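K.L.:
For reference, this is upload_9.txt, and it has compact mmCIF, C-alpha atoms and all ligand atoms.
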# COMPACT_ATOMS: atom_id res chain seq x y z
CA MET N 1 -11.60 30.30 -33.13
CA THR N 2 -9.16 27.79 -31.72
CA ILE N 3 -9.74 29.04 -28.17
CA HIS N 4 -13.51 28.79 -28.64
CA THR N 5 -13.23 25.15 -29.76
CA HIS N 6 -11.01 24.31 -26.80
CA SER N 7 -13.41 25.88 -24.37
CA LEU N 8 -16.33 23.90 -25.80
CA ALA N 9 -14.34 20.70 -25.61
CA SER N 10 -13.34 21.29 -21.99
CA LYS N 11 -16.96 22.07 -21.04
CA ARG N 12 -18.01 18.77 -22.52
CA LEU N 13 -15.23 17.04 -20.60
CA VAL N 14 -16.38 18.61 -17.31
CA ALA N 15 -19.96 17.57 -17.95
CA LYS N 16 -18.85 14.04 -18.75
CA THR N 17 -16.71 13.86 -15.62
CA PHE N 18 -19.58 14.99 -13.39
CA GLY N 19 -21.81 12.44 -15.07
CA MET N 20 -19.35 9.68 -14.21
CA ILE N 21 -19.10 10.78 -10.56
CA ALA N 22 -22.88 10.81 -10.21
CA LEU N 23 -23.08 7.35 -11.73
CA THR N 24 -20.38 6.01 -9.43
CA SER N 25 -21.96 7.32 -6.23
CA SER N 26 -25.42 6.02 -7.08
CA ALA N 27 -23.90 2.65 -7.98
CA MET N 28 -22.12 2.53 -4.61
CA MET N 29 -25.41 2.82 -2.77
CA ILE N 30 -26.77 -0.37 -4.25
CA ALA N 31 -23.61 -2.45 -4.67
CA PRO N 32 -20.04 -2.56 -3.32
CA SER N 33 -17.63 -0.37 -5.25
CA VAL N 34 -15.51 -2.05 -7.89
CA ILE N 35 -12.17 -3.16 -6.46
CA ALA N 36 -9.12 -2.29 -8.52
CA LYS N 37 -7.11 -5.40 -9.40
CA GLU N 38 -4.01 -3.30 -9.99
CA VAL N 39 -2.93 -0.28 -7.96
CA THR N 40 0.19 1.88 -8.17
CA ALA N 41 0.99 3.80 -4.99
CA GLU N 42 3.58 6.49 -4.28
CA LEU N 43 5.99 5.64 -1.47
CA LYS N 44 6.61 8.66 0.78
CA GLY N 45 9.17 9.40 3.45
CA VAL N 46 8.46 11.15 6.76
CA ASP N 47 9.61 14.43 5.17
CA GLY N 48 6.91 14.05 2.52
CA GLY N 49 9.36 13.39 -0.32
CA THR N 50 8.87 10.51 -2.73
CA LEU N 51 10.88 7.32 -2.23
CA GLY N 52 9.54 5.52 -5.25
CA GLU N 53 6.50 3.75 -6.59
CA ILE N 54 4.94 0.43 -5.69
CA THR N 55 2.51 -1.54 -7.86
CA PHE N 56 0.17 -4.20 -6.48
CA ILE N 57 -1.32 -6.66 -8.96
CA GLU N 58 -3.83 -9.38 -8.20
CA VAL N 59 -2.65 -12.75 -9.51
CA SER N 60 -4.14 -16.23 -9.11
CA THR N 61 -1.95 -17.06 -6.09
CA GLY N 62 -2.09 -13.74 -4.24
CA VAL N 63 -0.69 -10.29 -4.90
CA GLN N 64 2.42 -9.49 -6.92
CA ILE N 65 4.25 -6.44 -5.58
CA LYS N 66 6.66 -4.50 -7.78
CA ALA N 67 8.67 -1.87 -5.93
CA ASN N 68 10.79 0.79 -7.60
CA LEU N 69 12.66 2.33 -4.68
CA GLN N 70 14.87 5.43 -4.81
CA GLY N 71 16.44 7.83 -2.33
CA MET N 72 16.41 5.18 0.38
CA SER N 73 19.08 4.82 3.07
CA SER N 74 21.31 1.82 2.39
CA GLY N 75 21.04 -1.37 4.41
CA ALA N 76 18.33 -3.84 5.39
CA HIS N 77 14.82 -2.56 5.97
CA ALA N 78 11.71 -4.37 7.14
CA PHE N 79 9.03 -4.47 4.43
CA HIS N 80 5.44 -5.05 5.61
CA ILE N 81 1.81 -4.52 4.78
CA HIS N 82 0.03 -2.71 7.62
CA GLU N 83 -3.66 -2.86 8.40
CA THR N 84 -4.80 0.75 7.90
CA GLY N 85 -4.59 2.80 4.70
CA LYS N 86 -3.17 5.97 6.26
CA CYS N 87 0.30 7.48 5.80
CA ASN N 88 0.40 10.40 8.22
CA ALA N 89 4.00 11.63 8.43
CA ALA N 90 3.19 13.82 11.46
CA ASP N 91 2.68 10.73 13.62
CA GLY N 92 5.64 8.85 12.10
CA PHE N 93 3.21 6.68 10.11
CA GLU N 94 1.83 5.18 13.34
CA SER N 95 -1.65 5.80 11.89
CA ALA N 96 -1.03 2.88 9.52
CA GLY N 97 -1.63 0.60 12.52
CA GLY N 98 -0.11 -2.83 13.09
CA HIS N 99 0.70 -5.49 10.54
CA LEU N 100 -2.05 -7.03 8.45
CA ALA N 101 -2.19 -10.02 10.77
CA ALA N 102 -5.04 -12.27 9.59
CA GLY N 103 -5.10 -13.95 13.00
CA LYS N 104 -1.42 -14.92 13.05
CA GLU N 105 1.56 -13.90 15.17
CA HIS N 106 4.50 -11.95 13.74
CA GLY N 107 7.37 -13.49 11.83
CA PHE N 108 8.55 -16.34 9.63
CA LEU N 109 10.43 -17.81 12.63
CA GLU N 110 7.34 -17.78 14.87
CA ASP N 111 5.39 -21.07 15.14
CA LYS N 112 2.07 -19.21 15.04
CA GLY N 113 3.21 -16.89 12.27
CA PRO N 114 3.66 -15.21 10.00
CA HIS N 115 1.29 -12.27 9.66
CA ALA N 116 -0.28 -12.07 6.20
CA GLY N 117 1.55 -8.74 5.76
CA ASP N 118 5.00 -10.07 6.69
CA MET N 119 7.53 -10.12 3.84
CA PRO N 120 11.32 -10.56 3.60
CA ASN N 121 13.62 -7.61 4.36
CA VAL N 122 14.67 -5.35 1.52
CA HIS N 123 18.43 -4.73 1.18
CA ILE N 124 19.13 -1.31 -0.32
CA PRO N 125 22.57 -0.78 -1.94
CA GLU N 126 24.69 2.37 -1.51
CA SER N 127 22.97 3.99 -4.51
CA GLY N 128 19.70 4.07 -2.55
CA GLU N 129 17.93 2.56 -5.57
CA LEU N 130 16.47 -0.90 -5.89
CA THR N 131 13.81 -2.60 -7.99
CA ILE N 132 12.26 -5.75 -6.56
CA GLU N 133 9.31 -8.04 -7.16
CA VAL N 134 7.66 -9.93 -4.33
CA LEU N 135 4.80 -12.42 -4.46
CA ASN N 136 2.71 -12.40 -1.30
CA THR N 137 0.49 -15.49 -1.35
CA SER N 138 -1.29 -14.64 1.94
CA ILE N 139 -3.15 -11.53 0.78
CA SER N 140 -5.73 -10.51 -1.81
CA MET N 141 -6.85 -7.31 -3.51
CA GLY N 142 -10.40 -8.07 -2.35
CA SER N 143 -12.63 -6.30 0.18
CA GLU N 144 -13.71 -9.31 2.24
CA GLY N 145 -11.73 -11.37 4.73
CA SER N 146 -8.92 -10.68 7.16
CA ALA N 147 -6.15 -10.54 4.55
CA ALA N 148 -7.93 -8.30 2.03
CA LEU N 149 -6.10 -5.10 1.06
CA ASN N 150 -9.32 -3.26 0.14
CA ASP N 151 -11.24 -3.93 3.36
CA VAL N 152 -12.97 -1.07 5.23
CA ASP N 153 -9.82 0.33 6.84
CA GLY N 154 -7.76 -0.08 3.66
CA SER N 155 -4.06 -0.98 3.84
CA ALA N 156 -0.58 0.49 3.49
CA LEU N 157 2.92 -0.77 2.71
CA LEU N 158 5.70 0.35 5.06
CA LEU N 159 9.46 0.17 5.29
CA HIS N 160 11.31 0.50 8.61
CA ALA N 161 14.70 1.91 9.62
CA ASP N 162 15.98 -1.51 10.65
CA ALA N 163 15.65 -5.11 9.53
CA ASP N 164 12.83 -7.39 10.69
CA ASP N 165 14.25 -10.16 12.93
CA TYR N 166 11.26 -12.35 11.87
CA LYS N 167 10.44 -13.29 15.46
CA SER N 168 10.01 -10.36 17.91
CA GLN N 169 6.39 -9.46 18.69
CA PRO N 170 4.47 -7.63 17.48
CA SER N 171 6.51 -6.33 14.52
CA GLY N 172 10.03 -7.78 14.31
CA ASP N 173 11.90 -5.09 16.30
CA ALA N 174 12.34 -3.12 13.07
CA ALA N 175 12.50 0.39 14.64
CA ALA N 176 11.02 3.56 13.11
CA ARG N 177 8.67 3.61 10.15
CA ILE N 178 10.57 5.47 7.41
CA ALA N 179 8.42 5.07 4.30
CA CYS N 180 4.74 4.55 3.64
CA ALA N 181 2.53 3.93 0.59
CA ILE N 182 -1.26 3.83 0.71
CA ILE N 183 -2.53 0.75 -1.12
CA ALA N 184 -6.19 1.48 -0.35
CA GLU N 185 -7.68 4.36 1.65
CA PRO N 186 -10.17 3.55 4.41
CA SER N 187 -13.61 3.44 2.79
CA SER N 188 -15.54 5.18 5.57
CU CU B 1 5.99 -2.61 9.37
ZN ZN B 2 4.21 -8.95 11.20
As structure tokens, what does this structure read like?

P.N.:
Amino acid sequence: MTIHTHSLASKRLVAKTFGMIALTSSAMMIAPSVIAKEVTAELKGVDGGTLGEITFIEVSTGVQIKANLQGMSSGAHAFHIHETGKCNAADGFESAGGHLAAGKEHGFLEDKGPHAGDMPNVHIPESGELTIEVLNTSISMGSEGSAALNDVDGSALLLHADADDYKSQPSGDAAARIACAIIAEPSS
């Protein structure tokens, strides 16, 4: 009797889920999809293991980023938003593209900078764990404009093996890409 009830309930759940998918896809044909104002993304290393969780929240002045990092190598690491929402470990996260530039040059020390996706280095202690909050006032969770995280090619957050020197072009001489989190997948 209990099993029968469960089975009925799960059938209803499946039907409801399919209904929601159908509704979403028909809605997308007539209007842009709804953009999430808060996203939590898993941060992954090149070996596929998790290196923490990063939450992006739209606020009135930009995007608040809360990062819970773990299992990281100690030291200073560049911390950027890149222009494409792909984290392909096989290509060393190169598929994430360059920095979200919004028409600027790289770095806080560059007269024509910084890129919208440039942020201060993250200094990981010996424990490999760190929780930080960053406010990036140059970006938005929107889908329109050059600094929008949910534009057609999406966006990703990356950490590098070395620190960003805040001036070398095009990406601060920060060496290999060691961790990647997809903020928004490409929409096409
Ligand atoms: Cu980067
Ligand atoms: Zn940059």

K.L.:
Give me, as CSV, each residue of chain N that comes within 10 Å of ligand CU 1 (chain B), together with its shortest interatomic pair and the distance in Å at one decimal, counting all atoms listed in the file, with rows ordered by chain and rising residue number.

P.N.:
residue,atom,partner,partner_atom,distance
N:His77,CA,B:CU1,CU,9.5
N:Ala78,CA,B:CU1,CU,6.4
N:Phe79,CA,B:CU1,CU,6.1
N:His80,CA,B:CU1,CU,4.5
N:Ile81,CA,B:CU1,CU,6.5
N:His82,CA,B:CU1,CU,6.2
N:Glu83,CA,B:CU1,CU,9.7
N:Phe93,CA,B:CU1,CU,9.7
N:Glu94,CA,B:CU1,CU,9.7
N:Ala96,CA,B:CU1,CU,8.9
N:Gly97,CA,B:CU1,CU,8.8
N:Gly98,CA,B:CU1,CU,7.1
N:His99,CA,B:CU1,CU,6.1
N:Leu100,CA,B:CU1,CU,9.2
N:Gly117,CA,B:CU1,CU,8.4
N:Asp118,CA,B:CU1,CU,8.0
N:Met119,CA,B:CU1,CU,9.5
N:Ala156,CA,B:CU1,CU,9.3
N:Leu157,CA,B:CU1,CU,7.6
N:Leu158,CA,B:CU1,CU,5.2
N:Leu159,CA,B:CU1,CU,6.0
N:His160,CA,B:CU1,CU,6.2
N:Ala161,CA,B:CU1,CU,9.8
N:Ala163,CA,B:CU1,CU,10.0
N:Asp164,CA,B:CU1,CU,8.4
N:Pro170,CA,B:CU1,CU,9.7
N:Ser171,CA,B:CU1,CU,6.4
N:Gly172,CA,B:CU1,CU,8.2
N:Asp173,CA,B:CU1,CU,9.4
N:Ala174,CA,B:CU1,CU,7.4
N:Ala175,CA,B:CU1,CU,8.9
N:Ala176,CA,B:CU1,CU,8.8
N:Arg177,CA,B:CU1,CU,6.8
N:Ile178,CA,B:CU1,CU,9.5
N:Ala179,CA,B:CU1,CU,9.5
N:Cys180,CA,B:CU1,CU,9.3

K.L.:
With a distance cut-off of 6 Å and all atoms listed in the file, select the neighbouring residues of stretch 65-73 of chain N, excluding the residue or stretch itself and same-chain residues fewer than 4 positions from it, and output the selection as a list in words.

P.N.:
Leu51, Gly52, Glu53, Ile54, Thr55, Phe56, Gly128, Glu129, Leu130, Thr131, Ile132, Glu133 and Val134 of chain N

K.L.:
Figure out the distance between atom CA of N:Lys112 and atom CA of N:Asp165, please, to one decimal in Å.

P.N.:
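Calculated distance between atom CA of N:Asp165 and atom CA of N:Lys112 is 15.3 Å.
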
K.L.:
Which residue is closest to N:Gly142? Choose from N:Asp162, N:Ala101, N:Ser74, N:Ile183 and count all atoms listed in the file.

P.N.:
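Among N:Asp162, N:Ala101, N:Ser74, N:Ile183, it is N:Ile183 that comes nearest to N:Gly142.
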
K.L.:
In Å, with one decimal, what is the gap from atom CA of N:Ala116 to atom CA of N:Ser187?

P.N.:
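A separation of 20.7 Å between them.
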
K.L.:
Restricting the calculation to only C-alpha atoms: of N:Val152, N:Leu135, N:Ile124, N:Cys87, which residue gets closest to N:Ile35?

P.N.:
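Nearest to N:Ile35: N:Val152.
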
K.L.:
With all atoms listed in the file as the atoms that count, which of N:Val59, N:Ala89, N:Ala148, N:Leu109 lies nearest to ligand ZN 2 (chain B)?

P.N.:
N:Leu109

K.L.:
Give me, as a ChimeraX atom specification, all polymer residues having an atom no more than 9 Å from N:Ser140, counting only C-alpha atoms and skipping those fewer than 3 positions away in the same chain.

P.N.:
/N:58-59,61-63,136-137,143,145,147-150

K.L.:
Please list as a CSV table (one decimal) with C-alpha atoms, in the coordinates of the input every residue within 6 Å of N:Ile57, counting only C-alpha atoms and excluding residues in the same chain fewer than 4 positions away.

P.N.:
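After the write, out-v3.csv holds the following:
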chain,number,residue,atom,x,y,z
N,37,LYS,CA,-7.1,-5.4,-9.4
N,38,GLU,CA,-4.0,-3.3,-10.0
N,63,VAL,CA,-0.7,-10.3,-4.9
N,64,GLN,CA,2.4,-9.5,-6.9

K.L.:
Name the closest residue to ligand ZN 2 (chain B) among the candidates N:Gly49, N:Gly154, N:Pro125, N:Gly103; distances are taken between atoms, counting all atoms listed in the file.

P.N.:
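Of the candidates, the smallest distance to ligand ZN 2 (chain B) is held by N:Gly103.
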
K.L.:
Kindly give the distance, in Å, that separates atom CA of N:Gln169 and atom CA of N:Asp153, rounded to a single decimal.

P.N.:
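A separation of 22.3 Å between them.
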
K.L.:
Determine the nearest neighbour of ligand ZN 2 (chain B) from the options N:His123, N:Lys44, N:His115, N:Lys104, counting only C-alpha atoms and all ligand atoms.

P.N.:
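Looking at the shortest contact to ligand ZN 2 (chain B), the residue is N:His115.
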
K.L.:
My list of candidates is N:Thr40, N:Ser155, N:Ser146, N:Ser138. Which is closest to N:Ser60 when distances are computed with all atoms listed in the file?

P.N.:
N:Ser138
